[in-house]
Amino acid sequence: MLRKYLIEAWRALNIPSPWLPLLLLMPLLGFFIKKMRFRRDNQHLPPGPNRLPIIGNLHQIGPLPHKSMWQISKKYGPVVQLQLGCIPTVLISSAEAANEVLKVHDLVCCSRPQFAGCRRLTHNFKDVAFTPYGDYWKKTRKMIVLELFSLKRVQSFRYVREEEVGLLINSISDSLSSATPINLTEKFFDLSANITFRTSFGFNYHGTNFAKNKFHEVVHEAEVVEGSLSADEYFPYIGWLIDRLTGHHGRIERVFLELDSFFQHVIDDHLKPERKKEKEDMIDVLLRVEQEEAGTEPQFTKENIKAILLNLFVAGVDTSAVTVDWAMAELAKNPRVMKKAQDEVRKFAGNKGKVNEDDIEELEYLNMVIKETLRLHPPAPLLLPRETTSHCKINGYDINPKTLIHVNAWAIGRDPKYWKDPEEFIPERFEGSSVDFKGHNFEFLPFGAGRRICPGLRMGTMIIQIALANLLCCFDWNLPCGMKVEEMRMDEKASESLTVTRNEPLCLVPVKYPQI
Ligand code: HEM
């Protein structure tokens, strides 16, 4: 009867048939929208600034997002809700709130947002760093922790680190006679890139088809693509057009093609039967995993290998280089600390004239200098973005599923609640303190914490320790002629990249330490 009535009514309305189901669904849709609004209105969401239509709070984020976010947090508190275009975003800027996100609710907060740039560069999330939480991430993360980042593997590359630091020291010694400032920023990038190249591919990057500056440029571009969102993410219906007009889409494609063809080339070389395998490098390990995993689901293929290699380069090269750069800049600005660190290192080096990895753990003051550098200048100030998989409560506020979370490690490291004179560079603050960066102290998070904590922590710190120790052991360091310590600038460079570097390259004049 009802059916007949509906058909009659339908004929009377004379509406083309495809609309019928929609019309019937309207009341249902209205009911769900009402229910969602009711839920949202009854939620205790974090406070935050007013939003503009369409762009939300995007206009309040400046060229150094961690600093803009810090200003916003100072006004609204340690848990703040923003709307970036159409993306609900929560800022975390206290150790207590970070503890809730990275420990108490780590399981809910440990996914990653699926942004277009990352999707393309990682062959549709076949990597570890940008892949959303799930079975694939769990399996691959376990594999890389056991195979690529184990203590044994990291130690097996000791000779690479020591040789490359030796080459750096020699190249600085070669330029001593001119007594002119040398660009240390460039040298630190070279060092870190060479170590990553040799551990990943078995060869140094000089002499590859990547010219020196070109490689730097491609790594930087990859970081930018992975660190910045496309307009399509902020504004889903028109964003794709903006991305094409601004060239963002083309930029992603260019970086993808350059890195992909390079990685493919190196993999092909590793597969040549005539290749002599002296020591197992990262590609050898990943190719072995590919063979062992053959026939299992999901398949581990060359695309996974390339995506993981990309992680090693994007997450590993700049982070270590930038830390050595900031450390040397802080030491040049604080001659008292420089002298104390040099005295310690030289005492240990004795007649050897250099520091090797056996000495490193004994160098207490040097390790405090590194901690203090990472407190003031965490290379990834907002860690890597996280996304919630379901609802949770942080500091009593409701956080909805699919919310982007930024943990502001930079702001937490400068919070006067945990750090006395937070803006000062005082390594002694770590003396006799158990505070470390291994993910247990939420006031100090340069490597993140929880399930997603940086797996390259050991590898990264070893590069920083051995480089810094030898730079301090072999040379005294002067500011360029005429420059006073007070004039040294420590500004950060505005960039869309995930890592924050100094605004100007670090140029210092080396003087050979006479007794060595
Ligand atoms: C000073 C050196 C380094 C710093 C400060 C650093 C910092 C970080 C941070 C903050 C994260 C995000 C953690 C989170 O979401 O909670 C991360 C993730 C990661 N890092 Fe590092 N990193 C460094 C060196 C390295 C190195 C040398 C490698 C590899 C060669 C590496 C590989 C990775 C990978 C693969 C991830 C993603 C982990 C995941 O999502 O499961 N990092 N790193």
# chains A, B, ... in the order shown; residues from 1 in each chain; ligands from 1
>>> residues_around(residues="Leu84 (chain A)", least_positions_apart="6", cutoff="12 Å", atoms="only C-alpha atoms", output="PDB file with N, CA and C atoms, in the first residue's frame")
ATOM      1  N   GLY A  48      40.956  27.933  21.869  1.00  0.00           N
ATOM      2  CA  GLY A  48      41.781  28.341  20.724  1.00  0.00           C
ATOM      3  C   GLY A  48      41.286  29.651  20.165  1.00  0.00           C
ATOM      4  N   PRO A  49      42.072  30.293  19.317  1.00  0.00           N
ATOM      5  CA  PRO A  49      41.673  31.587  18.756  1.00  0.00           C
ATOM      6  C   PRO A  49      40.495  31.461  17.795  1.00  0.00           C
ATOM      7  N   ASN A  50      39.803  32.579  17.573  1.00  0.00           N
ATOM      8  CA  ASN A  50      38.688  32.580  16.615  1.00  0.00           C
ATOM      9  C   ASN A  50      39.200  32.248  15.222  1.00  0.00           C
ATOM     10  N   ARG A  51      38.293  31.693  14.418  1.00  0.00           N
ATOM     11  CA  ARG A  51      38.693  31.292  13.061  1.00  0.00           C
ATOM     12  C   ARG A  51      38.021  32.162  12.010  1.00  0.00           C
ATOM     13  N   LEU A  52      38.694  32.297  10.886  1.00  0.00           N
ATOM     14  CA  LEU A  52      38.074  32.985   9.761  1.00  0.00           C
ATOM     15  C   LEU A  52      37.377  31.932   8.904  1.00  0.00           C
ATOM     16  N   PRO A  53      36.354  32.358   8.125  1.00  0.00           N
ATOM     17  CA  PRO A  53      35.730  31.373   7.241  1.00  0.00           C
ATOM     18  C   PRO A  53      36.761  30.815   6.263  1.00  0.00           C
ATOM     19  N   ILE A  54      36.600  29.604   5.905  1.00  0.00           N
ATOM     20  CA  ILE A  54      37.427  28.838   4.936  1.00  0.00           C
ATOM     21  C   ILE A  54      38.867  28.607   5.418  1.00  0.00           C
ATOM     22  N   ILE A  55      39.635  29.660   5.706  1.00  0.00           N
ATOM     23  CA  ILE A  55      41.043  29.415   6.056  1.00  0.00           C
ATOM     24  C   ILE A  55      41.227  29.055   7.537  1.00  0.00           C
ATOM     25  N   GLY A  56      40.216  29.277   8.346  1.00  0.00           N
ATOM     26  CA  GLY A  56      40.335  28.958   9.777  1.00  0.00           C
ATOM     27  C   GLY A  56      41.405  29.805  10.435  1.00  0.00           C
ATOM     28  N   ASN A  57      42.451  29.145  10.980  1.00  0.00           N
ATOM     29  CA  ASN A  57      43.526  29.882  11.669  1.00  0.00           C
ATOM     30  C   ASN A  57      44.816  29.936  10.853  1.00  0.00           C
ATOM     31  N   LEU A  58      44.728  29.577   9.580  1.00  0.00           N
ATOM     32  CA  LEU A  58      45.957  29.506   8.773  1.00  0.00           C
ATOM     33  C   LEU A  58      46.741  30.816   8.780  1.00  0.00           C
ATOM     34  N   HIS A  59      46.015  31.928   8.819  1.00  0.00           N
ATOM     35  CA  HIS A  59      46.693  33.233   8.756  1.00  0.00           C
ATOM     36  C   HIS A  59      47.518  33.508  10.014  1.00  0.00           C
ATOM     37  N   GLN A  60      47.278  32.714  11.082  1.00  0.00           N
ATOM     38  CA  GLN A  60      48.032  32.959  12.322  1.00  0.00           C
ATOM     39  C   GLN A  60      49.332  32.158  12.394  1.00  0.00           C
ATOM     40  N   ILE A  61      49.585  31.351  11.385  1.00  0.00           N
ATOM     41  CA  ILE A  61      50.815  30.547  11.374  1.00  0.00           C
ATOM     42  C   ILE A  61      51.832  31.227  10.455  1.00  0.00           C
ATOM     43  N   VAL A  90      45.505  20.115  16.827  1.00  0.00           N
ATOM     44  CA  VAL A  90      45.709  20.387  18.254  1.00  0.00           C
ATOM     45  C   VAL A  90      47.196  20.637  18.500  1.00  0.00           C
ATOM     46  N   LEU A  91      47.498  21.697  19.246  1.00  0.00           N
ATOM     47  CA  LEU A  91      48.893  22.003  19.599  1.00  0.00           C
ATOM     48  C   LEU A  91      49.141  21.578  21.036  1.00  0.00           C
ATOM     49  N   LEU A 229      52.054  21.058   3.542  1.00  0.00           N
ATOM     50  CA  LEU A 229      50.810  20.480   3.047  1.00  0.00           C
ATOM     51  C   LEU A 229      50.466  21.105   1.707  1.00  0.00           C
ATOM     52  N   SER A 230      49.798  20.339   0.849  1.00  0.00           N
ATOM     53  CA  SER A 230      49.331  20.946  -0.387  1.00  0.00           C
ATOM     54  C   SER A 230      48.009  21.647  -0.099  1.00  0.00           C
ATOM     55  N   ALA A 231      47.666  22.581  -0.988  1.00  0.00           N
ATOM     56  CA  ALA A 231      46.403  23.298  -0.810  1.00  0.00           C
ATOM     57  C   ALA A 231      45.242  22.316  -0.819  1.00  0.00           C
ATOM     58  N   GLU A 233      44.947  19.618   0.675  1.00  0.00           N
ATOM     59  CA  GLU A 233      44.636  19.128   2.016  1.00  0.00           C
ATOM     60  C   GLU A 233      43.830  20.151   2.810  1.00  0.00           C
ATOM     61  N   TYR A 234      44.185  21.422   2.632  1.00  0.00           N
ATOM     62  CA  TYR A 234      43.474  22.474   3.378  1.00  0.00           C
ATOM     63  C   TYR A 234      42.088  22.758   2.798  1.00  0.00           C
ATOM     64  N   PHE A 235      42.049  22.775   1.454  1.00  0.00           N
ATOM     65  CA  PHE A 235      40.798  23.155   0.782  1.00  0.00           C
ATOM     66  C   PHE A 235      40.440  22.075  -0.245  1.00  0.00           C
ATOM     67  N   THR A 403      42.272  14.041  14.081  1.00  0.00           N
ATOM     68  CA  THR A 403      42.798  15.364  14.431  1.00  0.00           C
ATOM     69  C   THR A 403      44.314  15.327  14.264  1.00  0.00           C
ATOM     70  N   LEU A 404      44.842  16.391  13.653  1.00  0.00           N
ATOM     71  CA  LEU A 404      46.298  16.497  13.489  1.00  0.00           C
ATOM     72  C   LEU A 404      46.889  16.989  14.812  1.00  0.00           C
ATOM     73  N   ILE A 405      47.974  16.351  15.262  1.00  0.00           N
ATOM     74  CA  ILE A 405      48.571  16.786  16.532  1.00  0.00           C
ATOM     75  C   ILE A 405      50.009  17.235  16.300  1.00  0.00           C
TER      76      ILE A 405
END
>>> closest_atom_pairs(of="chain A", to="ligand 1", cutoff="7 Å", atoms="only C-alpha atoms and all ligand atoms", output="CSV")
residue,atom,partner,partner_atom_place_in_ligand_line,distance
A:Val128,CA,ligand 1,41 (O),5.4
A:Ala129,CA,ligand 1,40 (O),3.4
A:Phe130,CA,ligand 1,40 (O),6.0
A:Arg141,CA,ligand 1,41 (O),6.0
A:Thr196,CA,ligand 1,30 (C),6.9
A:Asn311,CA,ligand 1,35 (C),5.3
A:Leu312,CA,ligand 1,30 (C),4.2
A:Phe313,CA,ligand 1,30 (C),6.7
A:Ala315,CA,ligand 1,31 (C),4.6
A:Gly316,CA,ligand 1,26 (C),3.5
A:Val317,CA,ligand 1,27 (C),6.5
A:Thr319,CA,ligand 1,2 (C),4.5
A:Ser320,CA,ligand 1,1 (C),4.2
A:Thr323,CA,ligand 1,1 (C),5.9
A:Pro378,CA,ligand 1,5 (C),5.9
A:Pro379,CA,ligand 1,5 (C),5.3
A:Ala380,CA,ligand 1,10 (C),5.3
A:Leu383,CA,ligand 1,10 (C),3.8
A:Leu384,CA,ligand 1,15 (O),4.5
A:Pro385,CA,ligand 1,15 (O),6.6
A:Arg386,CA,ligand 1,15 (O),6.7
A:Pro446,CA,ligand 1,5 (C),5.1
A:Phe447,CA,ligand 1,10 (C),4.0
A:Gly448,CA,ligand 1,16 (O),3.5
A:Ala449,CA,ligand 1,16 (O),4.8
A:Gly450,CA,ligand 1,16 (O),6.5
A:Arg451,CA,ligand 1,41 (O),6.9
A:Arg452,CA,ligand 1,41 (O),4.2
A:Ile453,CA,ligand 1,13 (C),4.3
A:Cys454,CA,ligand 1,18 (C),3.8
A:Pro455,CA,ligand 1,33 (C),5.4
A:Gly456,CA,ligand 1,28 (C),3.7
A:Leu457,CA,ligand 1,24 (C),5.5
A:Met459,CA,ligand 1,27 (C),5.1
A:Gly460,CA,ligand 1,27 (C),4.0
A:Thr461,CA,ligand 1,1 (C),6.0
>>> select_by_dssp(residues="region 349-427 of chain A", states="strand (DSSP E)", output="PyMOL selection string")
chain A and resi 386-387+392-394+397-399+404-407
>>> atom_distance(atom1="CA of Gln465 (chain A)", atom2="CA of Glu186 (chain A)")
18.1 Å
>>> residues_around(residues="Ile242 (chain A)", least_positions_apart="4", cutoff="8 Å", atoms="only C-alpha atoms", output="CSV table (one decimal) with C-alpha atoms, in the first residue's frame")
chain,number,residue,atom,x,y,z
A,231,ALA,CA,46.4,23.3,-0.8
A,232,ASP,CA,44.4,20.2,-1.6
A,238,ILE,CA,39.6,23.8,-5.1
A,246,THR,CA,51.4,27.4,-7.6
>>> closest_residue(among="A:Asn478, A:Ser434, A:Thr499, A:Ser390", to="Trp410 (chain A)", atoms="only C-alpha atoms")
A:Thr499
>>> residues_around(residues="Arg119 (chain A)", least_positions_apart="2", cutoff="12 Å", atoms="only C-alpha atoms", output="PDB file with C-alpha atoms, in the first residue's frame")
ATOM      1  CA  ARG A 112      50.423   9.970  10.705  1.00  0.00           C
ATOM      2  CA  PRO A 113      48.275  12.172   8.453  1.00  0.00           C
ATOM      3  CA  GLN A 114      48.203  11.023   4.823  1.00  0.00           C
ATOM      4  CA  PHE A 115      49.432  14.074   2.936  1.00  0.00           C
ATOM      5  CA  ALA A 116      49.819  14.088  -0.842  1.00  0.00           C
ATOM      6  CA  GLY A 117      53.564  14.931  -0.950  1.00  0.00           C
ATOM      7  CA  LEU A 121      57.493  10.255  -2.374  1.00  0.00           C
ATOM      8  CA  THR A 122      56.894   7.094  -0.352  1.00  0.00           C
ATOM      9  CA  HIS A 123      55.183   5.120  -3.135  1.00  0.00           C
ATOM     10  CA  ASN A 124      51.841   5.319  -1.357  1.00  0.00           C
ATOM     11  CA  PHE A 125      53.164   4.957   2.199  1.00  0.00           C
ATOM     12  CA  LYS A 126      55.486   1.998   1.718  1.00  0.00           C
ATOM     13  CA  ASP A 127      57.949   3.591   4.181  1.00  0.00           C
ATOM     14  CA  VAL A 128      58.045   3.819   7.992  1.00  0.00           C
ATOM     15  CA  ALA A 129      58.162   7.485   8.987  1.00  0.00           C
ATOM     16  CA  PHE A 130      55.086   8.774   7.181  1.00  0.00           C
ATOM     17  CA  THR A 131      53.010   5.649   7.015  1.00  0.00           C
ATOM     18  CA  PRO A 132      49.794   5.598   9.081  1.00  0.00           C
ATOM     19  CA  ALA A 222      62.178  16.260  -0.333  1.00  0.00           C
ATOM     20  CA  VAL A 225      57.578  18.388   0.130  1.00  0.00           C
ATOM     21  CA  GLU A 226      57.168  16.129   3.150  1.00  0.00           C
ATOM     22  CA  LEU A 229      50.810  20.480   3.047  1.00  0.00           C
ATOM     23  CA  SER A 230      49.331  20.946  -0.387  1.00  0.00           C
ATOM     24  CA  ILE A 252      56.398  16.887  -5.852  1.00  0.00           C
ATOM     25  CA  GLU A 253      56.712  15.106  -9.208  1.00  0.00           C
ATOM     26  CA  PHE A 256      59.911  12.035  -6.778  1.00  0.00           C
ATOM     27  CA  ALA A 307      60.589   4.448   0.388  1.00  0.00           C
TER      28      ALA A 307
END
>>> closest_residue(among="A:Ile308, A:Leu107, A:Leu498, A:Ala179", to="Thr140 (chain A)", atoms="only C-alpha atoms")
A:Ile308
>>> closest_residue(among="A:Val255, A:Val218, A:Leu191, A:Ile92", to="Cys118 (chain A)", atoms="only C-alpha atoms")
A:Val255
>>> residues_around(residues="region 71-78 of chain A", least_positions_apart="2", cutoff="7 Å", atoms="only C-alpha atoms", output="PyMOL selection string")
chain A and resi 47-48+67-69+80+92-94+97
>>> residues_around(residues="Met462 (chain A)", least_positions_apart="5", cutoff="9 Å", atoms="only C-alpha atoms", output="MDAnalysis selection string")
chainID A and resid 154 158 161 357 360 457 467
>>> write_last_selection(atoms="C-alpha atoms", output="compact mmCIF listing (two decimals), in the first residue's frame")
# COMPACT_ATOMS: atom_id res chain seq x y z
CA VAL A 154 75.30 0.80 14.10
CA ARG A 158 81.97 2.76 13.18
CA ARG A 161 82.05 7.50 10.86
CA GLU A 357 84.28 6.09 19.60
CA ILE A 360 82.81 9.05 23.66
CA LEU A 457 68.56 8.07 17.79
CA ALA A 467 82.26 14.93 14.84
>>> residues_around(residues="His391 (chain A)", least_positions_apart="3", cutoff="6 Å", atoms="only C-alpha atoms", output="list in words")
Ile399, Asn400 and Pro401 of chain A
>>> closest_residue(among="A:Cys473, A:Leu151, A:Ala494, A:Val266", to="Pro514 (chain A)", atoms="only C-alpha atoms")
A:Cys473
>>> closest_residue(among="A:Pro381, A:Pro422, A:Gly166, A:Pro63", to="Asn408 (chain A)", atoms="only C-alpha atoms")
A:Pro381
>>> select_by_dssp(residues="region 138-180 of chain A", states="alpha helix (DSSP H)", output="ChimeraX atom specification")
/A:138-147,151-156,158-174
>>> closest_residue(among="A:Ala98, A:Leu245, A:Leu472, A:Cys481", to="Leu331 (chain A)", atoms="only C-alpha atoms")
A:Leu472
>>> atom_distance(atom1="CA of His66 (chain A)", atom2="CA of Phe444 (chain A)")
15.5 Å
